[in-house]
Amino acid sequence: MRPLPAVLAAALAATSLLPASALAEPDRSGKSTAATSGKATFYELRSGGGNCSYPSPPAGGLYVALSRREYRAAGACGGYLTVTGPRGSVQVKVVDQCPECPAGHIDLSRKAFARVAAPGRGMVGVTYRPAANPKLGRPLSFRVKEGSSQWWLALLVIDHGNPLASVEVKTAGGAWRKLARADYNYWVAESGAGQGPFSVRVTDTRGHRVTANRVRLAPGTVQRTTTKMY
């Protein structure tokens, strides 16, 4: 995240946010959660995919960074928000954290901001809510982090749509092993999970569960599958 420009930071400090609560995690029933009222600014990712560790920003350039509280130690990563402002609405992917933003202040990509307000305004009042089962049209991909081996494994899940609840792995003939989510959005087995290839079972916060097979221990490579979350 880049620091807010001084004039924008001053404006934020002087502007009272509309009543806002931390962004509620979507429940497993698939029901909509209440909208949050707050403020939006905009920024540009300089490289990579932000604190969520995605290899690149979304192809459409529509993304958002959340406050530390709403980022939930990467719990919001890969989910989508529907954001509504004076000009209209846009759906954006959560890819980053905005440490300097209070809860209720979201930092949109420039392109996304232009969908909801004139960019010259710099900051606008918006409402936003989690988007349930956003349409992706792409199957799951996985990326094994550099440094992974049979003794330490970190796995990134890409294109899952809803935020994730759990990720598990197993090798042929083995038992399912639950991974722990790191705040940079990789799922980690601190003592490793073997040499692979792995079956990976992914469960999202709306109850969808799928299994992708033959994910290789190939650090630094994005492995595309034919498995979709829903």
# chains A, B, ... in the order shown; residues from 1 in each chain; ligands from 1
call {"tool": "select_by_dssp", "arguments": {"residues": "segment 9-150 of chain A", "states": "helix (DSSP H, G or I)", "output": "MDAnalysis selection string"}}
result
chainID A and resid 9:14 50:52 68:74 110:116 119:121
call {"tool": "select_by_dssp", "arguments": {"residues": "chain A", "states": "strand (DSSP E)", "output": "ChimeraX atom specification"}}
result
/A:36-43,63-67,80-84,89-98,105-109,124-130,141-144,153-158,164-170,177-178,180-181,187-189,198-204,209-215,222-224
call {"tool": "atom_distance", "arguments": {"atom1": "atom CA of Ala74 of chain A", "atom2": "atom CA of Pro102 of chain A"}}
result
16.4 Å
call {"tool": "closest_residue", "arguments": {"among": "A:Arg224, A:Lys111, A:Arg143, A:Arg177", "to": "Ala193 of chain A", "atoms": "only C-alpha atoms"}}
result
A:Arg177
call {"tool": "residues_around", "arguments": {"residues": "Gly192 of chain A", "least_positions_apart": "5", "cutoff": "10 Å", "atoms": "only C-alpha atoms", "output": "VMD selection string"}}
result
chain A and resid 148 to 154 179
call {"tool": "closest_atom_pairs", "arguments": {"of": "segment 86-157 of chain A", "to": "segment 52-66 of chain A", "cutoff": "9 Å", "atoms": "only C-alpha atoms", "output": "tab-separated table"}}
result
residue	atom	partner	partner_atom	distance
A:Val90	CA	A:Leu62	CA	8.1
A:Gln91	CA	A:Leu62	CA	7.2
A:Val92	CA	A:Tyr63	CA	4.6
A:Lys93	CA	A:Tyr63	CA	4.5
A:Val94	CA	A:Val64	CA	5.1
A:Val95	CA	A:Cys52	CA	5.1
A:Asp96	CA	A:Ala65	CA	4.3
A:Gln97	CA	A:Ala65	CA	4.7
A:Cys98	CA	A:Leu66	CA	5.3
A:Pro99	CA	A:Leu66	CA	8.0
A:Cys101	CA	A:Leu66	CA	7.4
A:Pro102	CA	A:Leu66	CA	8.8
A:Ala103	CA	A:Leu66	CA	7.9
A:Gly104	CA	A:Leu66	CA	8.5
A:His105	CA	A:Leu66	CA	7.3
A:Ile106	CA	A:Leu66	CA	5.2
A:Asp107	CA	A:Ala65	CA	5.0
A:Leu108	CA	A:Val64	CA	4.4
A:Ser109	CA	A:Tyr63	CA	5.5
A:Arg110	CA	A:Leu62	CA	8.3
A:Lys111	CA	A:Leu62	CA	6.3
A:Ala112	CA	A:Leu62	CA	5.1
A:Phe113	CA	A:Leu62	CA	8.7
A:Arg143	CA	A:Pro55	CA	8.9
A:Leu156	CA	A:Ser53	CA	7.9
A:Val157	CA	A:Tyr54	CA	8.9
call {"tool": "closest_residue", "arguments": {"among": "A:Thr36, A:Asn213, A:Asn185, A:Ser47", "to": "Thr127 of chain A", "atoms": "only C-alpha atoms"}}
result
A:Thr36
call {"tool": "residues_around", "arguments": {"residues": "Arg181 of chain A", "least_positions_apart": "3", "cutoff": "9 Å", "atoms": "only C-alpha atoms", "output": "PyMOL selection string"}}
result
chain A and resi 73-75+166-167+184-188
call {"tool": "write_last_selection", "arguments": {"atoms": "N, CA and C atoms", "output": "PDB file, in the first residue's frame"}}
result
ATOM      1  N   ALA A  73      -6.784 -10.552   8.823  1.00  0.00           N
ATOM      2  CA  ALA A  73      -5.596 -11.407   8.719  1.00  0.00           C
ATOM      3  C   ALA A  73      -5.681 -12.320   7.504  1.00  0.00           C
ATOM      4  N   ALA A  74      -6.111 -11.754   6.376  1.00  0.00           N
ATOM      5  CA  ALA A  74      -6.259 -12.413   5.075  1.00  0.00           C
ATOM      6  C   ALA A  74      -7.579 -13.170   4.927  1.00  0.00           C
ATOM      7  N   GLY A  75      -8.424 -13.161   5.938  1.00  0.00           N
ATOM      8  CA  GLY A  75      -9.696 -13.875   5.849  1.00  0.00           C
ATOM      9  C   GLY A  75     -10.617 -13.350   4.769  1.00  0.00           C
ATOM     10  N   SER A 166     -11.516 -22.998   4.790  1.00  0.00           N
ATOM     11  CA  SER A 166     -10.465 -23.966   5.102  1.00  0.00           C
ATOM     12  C   SER A 166      -9.852 -24.524   3.829  1.00  0.00           C
ATOM     13  N   VAL A 167      -8.608 -24.978   3.965  1.00  0.00           N
ATOM     14  CA  VAL A 167      -7.892 -25.664   2.888  1.00  0.00           C
ATOM     15  C   VAL A 167      -7.206 -26.873   3.509  1.00  0.00           C
ATOM     16  N   TYR A 184      -0.559 -13.405   4.976  1.00  0.00           N
ATOM     17  CA  TYR A 184      -0.261 -13.034   3.594  1.00  0.00           C
ATOM     18  C   TYR A 184      -1.017 -13.952   2.623  1.00  0.00           C
ATOM     19  N   ASN A 185      -1.981 -14.710   3.142  1.00  0.00           N
ATOM     20  CA  ASN A 185      -2.977 -15.446   2.364  1.00  0.00           C
ATOM     21  C   ASN A 185      -2.514 -16.796   1.830  1.00  0.00           C
ATOM     22  N   TYR A 186      -1.317 -17.246   2.171  1.00  0.00           N
ATOM     23  CA  TYR A 186      -0.947 -18.624   1.862  1.00  0.00           C
ATOM     24  C   TYR A 186      -1.459 -19.535   2.979  1.00  0.00           C
ATOM     25  N   TRP A 187      -1.722 -20.782   2.629  1.00  0.00           N
ATOM     26  CA  TRP A 187      -2.149 -21.802   3.587  1.00  0.00           C
ATOM     27  C   TRP A 187      -0.952 -22.700   3.844  1.00  0.00           C
ATOM     28  N   VAL A 188      -0.590 -22.880   5.117  1.00  0.00           N
ATOM     29  CA  VAL A 188       0.729 -23.401   5.477  1.00  0.00           C
ATOM     30  C   VAL A 188       0.641 -24.690   6.291  1.00  0.00           C
TER      31      VAL A 188
END
